[in-house]
Amino acid sequence: MTTAPGERGEPAVEEAFDRLVSEGSDRLDRPLLALAATGLLGGVDIGVGILAYLVVDHETGQPLLGALAFTIGFIALLLARSELFTENFLVPVTARVAGRGSWLQLGRLWLVTLAANLAGGLLMAGMIVVALPDLRSTAADLGRHYATLGVSWRSLLLAVLAGAVITLLTRMQHASDDFGPKIVAAVAMPFVLVAAQLFHSVLDSILMFTGLLGGRATYTWADWAGALAWSALGNVIGGIGLVTSIRLLRVPHRVREERAGQ
């Protein structure tokens, strides 16, 4: 009997859902120390991407080349198996909706990962401005864009798009066990993130940290705090509202089955 195209794709979707639930359960149950260490390394990895971004932008004056160089940070995230705050929307949320863990565990995962990402990024920013002082002005100029976006529909939508892009990246990387497609996704989606100057809570914070610590910034730590809160809100809306929730609508029967099994 010939299988219709829609039927042929359904098992793959269910298999991806099962994989997300299994991995998400592990993340929700991860001990606090391991959670903090993974997040700290995630901030360091993204800091490496920021370093590449700043060097290329400073030397060439070409933002698109800098955006391409930045993707090194996401390749490092993938290969080193560290984590970013915005990577924790699809996987653990899917597990929680399926009845695994608790909302408290999900909140702990988000807060600890975000704090650890920022700590790792702050460490990298401090080392960059001391080791490579010529990059201070470039960092301040790039950070100013995010620090001065303010609270508006435009800045919110930039953050929503950033959350959707990174959550889509997560979904793409979980669609295959082959590292080839994973690497392609790790280059393509972060390039879009930086080239379009989307509003990402961790990436943009590290840029602002570098400008602030370098003493060349025309914005303040209060501007950074406001930008962080607003961008994180938009990232959550984009990651969960535009990607995760719609993906779950494709497998409502599996969600019911998982919840019943709990």
# chains A, B, ... in the order shown; residues from 1 in each chain; ligands from 1
$ closest_atom_pairs --of "segment 160-254 of chain A" --to "segment 67-91 of chain A" --cutoff "12 Å" --atoms "only C-alpha atoms" --output "JSON lines"
{"residue": "A:Val160", "atom": "CA", "partner": "A:Thr86", "partner_atom": "CA", "distance": 11.2}
{"residue": "A:Leu161", "atom": "CA", "partner": "A:Thr86", "partner_atom": "CA", "distance": 11.8}
{"residue": "A:Ala162", "atom": "CA", "partner": "A:Thr86", "partner_atom": "CA", "distance": 8.9}
{"residue": "A:Gly163", "atom": "CA", "partner": "A:Thr86", "partner_atom": "CA", "distance": 6.5}
{"residue": "A:Ala164", "atom": "CA", "partner": "A:Thr86", "partner_atom": "CA", "distance": 9.2}
{"residue": "A:Val165", "atom": "CA", "partner": "A:Thr86", "partner_atom": "CA", "distance": 9.6}
{"residue": "A:Ile166", "atom": "CA", "partner": "A:Thr86", "partner_atom": "CA", "distance": 6.5}
{"residue": "A:Thr167", "atom": "CA", "partner": "A:Glu87", "partner_atom": "CA", "distance": 6.1}
{"residue": "A:Leu168", "atom": "CA", "partner": "A:Leu90", "partner_atom": "CA", "distance": 8.5}
{"residue": "A:Leu169", "atom": "CA", "partner": "A:Glu87", "partner_atom": "CA", "distance": 8.3}
{"residue": "A:Thr170", "atom": "CA", "partner": "A:Glu87", "partner_atom": "CA", "distance": 6.3}
{"residue": "A:Arg171", "atom": "CA", "partner": "A:Leu90", "partner_atom": "CA", "distance": 7.2}
{"residue": "A:Met172", "atom": "CA", "partner": "A:Leu90", "partner_atom": "CA", "distance": 11.0}
{"residue": "A:Gln173", "atom": "CA", "partner": "A:Leu78", "partner_atom": "CA", "distance": 9.0}
{"residue": "A:His174", "atom": "CA", "partner": "A:Val91", "partner_atom": "CA", "distance": 9.2}
{"residue": "A:Phe179", "atom": "CA", "partner": "A:Leu79", "partner_atom": "CA", "distance": 9.1}
{"residue": "A:Gly180", "atom": "CA", "partner": "A:Ile75", "partner_atom": "CA", "distance": 11.4}
{"residue": "A:Pro181", "atom": "CA", "partner": "A:Leu78", "partner_atom": "CA", "distance": 11.6}
{"residue": "A:Lys182", "atom": "CA", "partner": "A:Leu78", "partner_atom": "CA", "distance": 7.9}
{"residue": "A:Ile183", "atom": "CA", "partner": "A:Ile75", "partner_atom": "CA", "distance": 6.6}
{"residue": "A:Val184", "atom": "CA", "partner": "A:Ile75", "partner_atom": "CA", "distance": 9.2}
{"residue": "A:Ala185", "atom": "CA", "partner": "A:Ile75", "partner_atom": "CA", "distance": 9.2}
{"residue": "A:Ala186", "atom": "CA", "partner": "A:Phe74", "partner_atom": "CA", "distance": 5.5}
{"residue": "A:Val187", "atom": "CA", "partner": "A:Thr71", "partner_atom": "CA", "distance": 5.2}
{"residue": "A:Ala188", "atom": "CA", "partner": "A:Thr71", "partner_atom": "CA", "distance": 8.0}
{"residue": "A:Met189", "atom": "CA", "partner": "A:Thr71", "partner_atom": "CA", "distance": 8.5}
{"residue": "A:Pro190", "atom": "CA", "partner": "A:Thr71", "partner_atom": "CA", "distance": 5.7}
{"residue": "A:Phe191", "atom": "CA", "partner": "A:Ala67", "partner_atom": "CA", "distance": 5.4}
{"residue": "A:Val192", "atom": "CA", "partner": "A:Ala67", "partner_atom": "CA", "distance": 8.0}
{"residue": "A:Leu193", "atom": "CA", "partner": "A:Ala67", "partner_atom": "CA", "distance": 8.2}
{"residue": "A:Val194", "atom": "CA", "partner": "A:Ala67", "partner_atom": "CA", "distance": 5.3}
{"residue": "A:Ala195", "atom": "CA", "partner": "A:Ala67", "partner_atom": "CA", "distance": 5.4}
{"residue": "A:Ala196", "atom": "CA", "partner": "A:Ala67", "partner_atom": "CA", "distance": 9.1}
{"residue": "A:Gln197", "atom": "CA", "partner": "A:Ala67", "partner_atom": "CA", "distance": 9.3}
{"residue": "A:Leu198", "atom": "CA", "partner": "A:Ala67", "partner_atom": "CA", "distance": 11.6}
{"residue": "A:Phe199", "atom": "CA", "partner": "A:Thr86", "partner_atom": "CA", "distance": 11.8}
{"residue": "A:His200", "atom": "CA", "partner": "A:Thr86", "partner_atom": "CA", "distance": 8.5}
{"residue": "A:Ser201", "atom": "CA", "partner": "A:Thr86", "partner_atom": "CA", "distance": 8.3}
{"residue": "A:Val202", "atom": "CA", "partner": "A:Phe85", "partner_atom": "CA", "distance": 7.5}
{"residue": "A:Leu203", "atom": "CA", "partner": "A:Leu84", "partner_atom": "CA", "distance": 9.6}
{"residue": "A:Leu207", "atom": "CA", "partner": "A:Phe70", "partner_atom": "CA", "distance": 11.8}
{"residue": "A:Ser231", "atom": "CA", "partner": "A:Thr86", "partner_atom": "CA", "distance": 10.9}
{"residue": "A:Ala232", "atom": "CA", "partner": "A:Thr86", "partner_atom": "CA", "distance": 8.6}
{"residue": "A:Leu233", "atom": "CA", "partner": "A:Thr86", "partner_atom": "CA", "distance": 10.9}
{"residue": "A:Gly234", "atom": "CA", "partner": "A:Thr86", "partner_atom": "CA", "distance": 10.7}
{"residue": "A:Asn235", "atom": "CA", "partner": "A:Thr86", "partner_atom": "CA", "distance": 7.0}
{"residue": "A:Val236", "atom": "CA", "partner": "A:Phe89", "partner_atom": "CA", "distance": 7.2}
{"residue": "A:Ile237", "atom": "CA", "partner": "A:Phe89", "partner_atom": "CA", "distance": 9.7}
{"residue": "A:Gly238", "atom": "CA", "partner": "A:Phe89", "partner_atom": "CA", "distance": 9.5}
{"residue": "A:Gly239", "atom": "CA", "partner": "A:Phe89", "partner_atom": "CA", "distance": 5.9}
{"residue": "A:Ile240", "atom": "CA", "partner": "A:Phe89", "partner_atom": "CA", "distance": 6.0}
{"residue": "A:Gly241", "atom": "CA", "partner": "A:Phe89", "partner_atom": "CA", "distance": 9.8}
{"residue": "A:Leu242", "atom": "CA", "partner": "A:Leu90", "partner_atom": "CA", "distance": 10.6}
{"residue": "A:Val243", "atom": "CA", "partner": "A:Leu90", "partner_atom": "CA", "distance": 7.7}
{"residue": "A:Thr244", "atom": "CA", "partner": "A:Leu90", "partner_atom": "CA", "distance": 5.2}
{"residue": "A:Ser245", "atom": "CA", "partner": "A:Leu90", "partner_atom": "CA", "distance": 8.6}
{"residue": "A:Ile246", "atom": "CA", "partner": "A:Leu90", "partner_atom": "CA", "distance": 10.6}
{"residue": "A:Arg247", "atom": "CA", "partner": "A:Leu90", "partner_atom": "CA", "distance": 8.9}
{"residue": "A:Leu248", "atom": "CA", "partner": "A:Leu90", "partner_atom": "CA", "distance": 9.6}
$ select_by_dssp --residues "segment 12-254 of chain A" --states "helix (DSSP H, G or I)" --output "PyMOL selection string"
chain A and resi 12-28+32-60+63-70+72-80+85-88+90-97+103-131+133-147+153-173+179-195+201-213+221-248+252-254
$ residues_around --residues "segment 96-104 of chain A" --least-positions-apart "3" --cutoff "8 Å" --atoms "only C-alpha atoms" --output "count of residues only"
14
$ closest_residue --among "A:Val13, A:Leu109, A:Leu158, A:Ala140" --to "Ala227 of chain A" --atoms "only C-alpha atoms"
A:Leu158
$ residues_around --residues "Leu135 of chain A" --least-positions-apart "4" --cutoff "8 Å" --atoms "only C-alpha atoms" --output "list in words"
Leu54, Val55, His58, Ile128, Val129 and Ala139 of chain A
$ closest_residue --among "A:Met124, A:Leu156, A:Val251, A:Ala260" --to "Gly49 of chain A" --atoms "only C-alpha atoms"
A:Met124
$ atom_distance --atom1 "atom CA of Gly39 of chain A" --atom2 "atom CA of Leu111 of chain A"
10.1 Å
$ residues_around --residues "Met208 of chain A" --least-positions-apart "4" --cutoff "12 Å" --atoms "only C-alpha atoms" --output "count of residues only"
44
$ atom_distance --atom1 "atom CA of Gly61 of chain A" --atom2 "atom CA of Gly211 of chain A"
17.3 Å
$ atom_distance --atom1 "atom CA of Ile206 of chain A" --atom2 "atom CA of Arg27 of chain A"
24.4 Å
$ decode --residues "segment 140-156 of chain A" --atoms "all heavy atoms" --output "mmCIF file, in the first residue's frame"
data_model
loop_
_atom_site.group_PDB
_atom_site.id
_atom_site.type_symbol
_atom_site.label_atom_id
_atom_site.label_comp_id
_atom_site.auth_asym_id
_atom_site.auth_seq_id
_atom_site.Cartn_x
_atom_site.Cartn_y
_atom_site.Cartn_z
ATOM 1 N N ALA A 140 31.637 49.350 22.097
ATOM 2 C CA ALA A 140 30.729 50.388 22.586
ATOM 3 C C ALA A 140 29.740 50.804 21.504
ATOM 4 O O ALA A 140 28.551 51.005 21.777
ATOM 5 C CB ALA A 140 31.528 51.598 23.070
ATOM 6 N N ASP A 141 30.218 50.921 20.267
ATOM 7 C CA ASP A 141 29.339 51.309 19.166
ATOM 8 C C ASP A 141 28.286 50.239 18.894
ATOM 9 O O ASP A 141 27.101 50.548 18.692
ATOM 10 C CB ASP A 141 30.164 51.550 17.898
ATOM 11 C CG ASP A 141 31.027 52.797 17.989
ATOM 12 O OD1 ASP A 141 30.731 53.648 18.846
ATOM 13 O OD2 ASP A 141 31.999 52.903 17.220
ATOM 14 N N LEU A 142 28.707 48.967 18.889
ATOM 15 C CA LEU A 142 27.760 47.887 18.632
ATOM 16 C C LEU A 142 26.774 47.735 19.789
ATOM 17 O O LEU A 142 25.584 47.482 19.582
ATOM 18 C CB LEU A 142 28.520 46.571 18.401
ATOM 19 C CG LEU A 142 29.347 46.500 17.116
ATOM 20 C CD1 LEU A 142 30.210 45.241 17.095
ATOM 21 C CD2 LEU A 142 28.441 46.534 15.895
ATOM 22 N N GLY A 143 27.242 47.867 21.007
ATOM 23 C CA GLY A 143 26.368 47.734 22.171
ATOM 24 C C GLY A 143 25.349 48.852 22.288
ATOM 25 O O GLY A 143 24.249 48.644 22.803
ATOM 26 N N ARG A 144 25.705 50.039 21.769
ATOM 27 C CA ARG A 144 24.794 51.186 21.875
ATOM 28 C C ARG A 144 23.467 50.913 21.177
ATOM 29 O O ARG A 144 22.408 51.341 21.661
ATOM 30 C CB ARG A 144 25.457 52.429 21.266
ATOM 31 C CG ARG A 144 24.609 53.697 21.418
ATOM 32 C CD ARG A 144 25.244 54.901 20.731
ATOM 33 N NE ARG A 144 26.594 55.116 21.205
ATOM 34 C CZ ARG A 144 27.695 54.959 20.465
ATOM 35 N NH1 ARG A 144 27.579 54.585 19.184
ATOM 36 N NH2 ARG A 144 28.887 55.180 20.970
ATOM 37 N N HIS A 145 23.507 50.208 20.078
ATOM 38 C CA HIS A 145 22.262 49.913 19.345
ATOM 39 C C HIS A 145 21.254 49.219 20.254
ATOM 40 O O HIS A 145 20.069 49.589 20.276
ATOM 41 C CB HIS A 145 22.575 49.029 18.138
ATOM 42 C CG HIS A 145 21.358 48.410 17.511
ATOM 43 N ND1 HIS A 145 20.465 49.126 16.751
ATOM 44 C CD2 HIS A 145 20.882 47.129 17.565
ATOM 45 C CE1 HIS A 145 19.497 48.328 16.343
ATOM 46 N NE2 HIS A 145 19.715 47.104 16.822
ATOM 47 N N TYR A 146 21.705 48.214 21.009
ATOM 48 C CA TYR A 146 20.802 47.433 21.858
ATOM 49 C C TYR A 146 20.440 48.187 23.135
ATOM 50 O O TYR A 146 19.306 48.107 23.614
ATOM 51 C CB TYR A 146 21.435 46.088 22.182
ATOM 52 C CG TYR A 146 21.801 45.320 20.942
ATOM 53 C CD1 TYR A 146 23.134 45.238 20.514
ATOM 54 C CD2 TYR A 146 20.830 44.706 20.163
ATOM 55 C CE1 TYR A 146 23.471 44.549 19.357
ATOM 56 C CE2 TYR A 146 21.161 44.022 19.002
ATOM 57 C CZ TYR A 146 22.492 43.955 18.599
ATOM 58 O OH TYR A 146 22.812 43.286 17.459
ATOM 59 N N ALA A 147 21.400 48.922 23.681
ATOM 60 C CA ALA A 147 21.157 49.634 24.934
ATOM 61 C C ALA A 147 20.161 50.769 24.775
ATOM 62 O O ALA A 147 19.493 51.171 25.742
ATOM 63 C CB ALA A 147 22.474 50.190 25.486
ATOM 64 N N THR A 148 20.039 51.294 23.570
ATOM 65 C CA THR A 148 19.165 52.454 23.342
ATOM 66 C C THR A 148 17.900 52.115 22.569
ATOM 67 O O THR A 148 17.175 53.017 22.144
ATOM 68 C CB THR A 148 19.945 53.550 22.585
ATOM 69 O OG1 THR A 148 20.427 53.028 21.332
ATOM 70 C CG2 THR A 148 21.127 54.044 23.397
ATOM 71 N N LEU A 149 17.600 50.832 22.393
ATOM 72 C CA LEU A 149 16.369 50.460 21.689
ATOM 73 C C LEU A 149 15.131 50.897 22.463
ATOM 74 O O LEU A 149 14.107 51.254 21.877
ATOM 75 C CB LEU A 149 16.330 48.951 21.461
ATOM 76 C CG LEU A 149 17.121 48.414 20.267
ATOM 77 C CD1 LEU A 149 17.102 46.893 20.258
ATOM 78 C CD2 LEU A 149 16.570 48.960 18.959
ATOM 79 N N GLY A 150 15.222 50.854 23.799
ATOM 80 C CA GLY A 150 14.098 51.276 24.635
ATOM 81 C C GLY A 150 12.940 50.292 24.606
ATOM 82 O O GLY A 150 13.030 49.197 24.046
ATOM 83 N N VAL A 151 11.854 50.717 25.218
ATOM 84 C CA VAL A 151 10.643 49.894 25.294
ATOM 85 C C VAL A 151 9.679 50.371 24.216
ATOM 86 O O VAL A 151 9.125 51.476 24.305
ATOM 87 C CB VAL A 151 9.988 49.993 26.685
ATOM 88 C CG1 VAL A 151 8.679 49.211 26.717
ATOM 89 C CG2 VAL A 151 10.948 49.486 27.756
ATOM 90 N N SER A 152 9.499 49.555 23.194
ATOM 91 C CA SER A 152 8.628 49.923 22.089
ATOM 92 C C SER A 152 8.183 48.647 21.389
ATOM 93 O O SER A 152 8.701 47.556 21.657
ATOM 94 C CB SER A 152 9.370 50.821 21.089
ATOM 95 O OG SER A 152 10.422 50.099 20.459
ATOM 96 N N TRP A 153 7.220 48.785 20.481
ATOM 97 C CA TRP A 153 6.794 47.625 19.712
ATOM 98 C C TRP A 153 7.935 47.117 18.843
ATOM 99 O O TRP A 153 8.090 45.906 18.642
ATOM 100 C CB TRP A 153 5.584 47.974 18.847
ATOM 101 C CG TRP A 153 4.296 47.994 19.598
ATOM 102 C CD1 TRP A 153 3.520 49.078 19.885
ATOM 103 C CD2 TRP A 153 3.630 46.852 20.176
ATOM 104 N NE1 TRP A 153 2.417 48.703 20.608
ATOM 105 C CE2 TRP A 153 2.455 47.337 20.801
ATOM 106 C CE3 TRP A 153 3.917 45.493 20.229
ATOM 107 C CZ2 TRP A 153 1.564 46.506 21.465
ATOM 108 C CZ3 TRP A 153 3.033 44.653 20.893
ATOM 109 C CH2 TRP A 153 1.871 45.159 21.502
ATOM 110 N N ARG A 154 8.734 48.045 18.314
ATOM 111 C CA ARG A 154 9.851 47.625 17.460
ATOM 112 C C ARG A 154 10.842 46.762 18.239
ATOM 113 O O ARG A 154 11.231 45.677 17.787
ATOM 114 C CB ARG A 154 10.565 48.844 16.891
ATOM 115 C CG ARG A 154 11.822 48.484 16.095
ATOM 116 C CD ARG A 154 12.443 49.694 15.412
ATOM 117 N NE ARG A 154 13.652 49.294 14.684
ATOM 118 C CZ ARG A 154 14.888 49.479 15.137
ATOM 119 N NH1 ARG A 154 15.083 50.065 16.317
ATOM 120 N NH2 ARG A 154 15.931 49.091 14.430
ATOM 121 N N SER A 155 11.267 47.232 19.412
ATOM 122 C CA SER A 155 12.248 46.474 20.186
ATOM 123 C C SER A 155 11.663 45.157 20.673
ATOM 124 O O SER A 155 12.357 44.131 20.715
ATOM 125 C CB SER A 155 12.753 47.304 21.372
ATOM 126 O OG SER A 155 11.693 47.685 22.234
ATOM 127 N N LEU A 156 10.377 45.148 21.024
ATOM 128 C CA LEU A 156 9.747 43.898 21.454
ATOM 129 C C LEU A 156 9.737 42.882 20.317
ATOM 130 O O LEU A 156 10.067 41.699 20.518
ATOM 131 C CB LEU A 156 8.322 44.158 21.939
ATOM 132 C CG LEU A 156 7.551 42.901 22.384
ATOM 133 C CD1 LEU A 156 8.219 42.253 23.599
ATOM 134 C CD2 LEU A 156 6.089 43.242 22.693
#
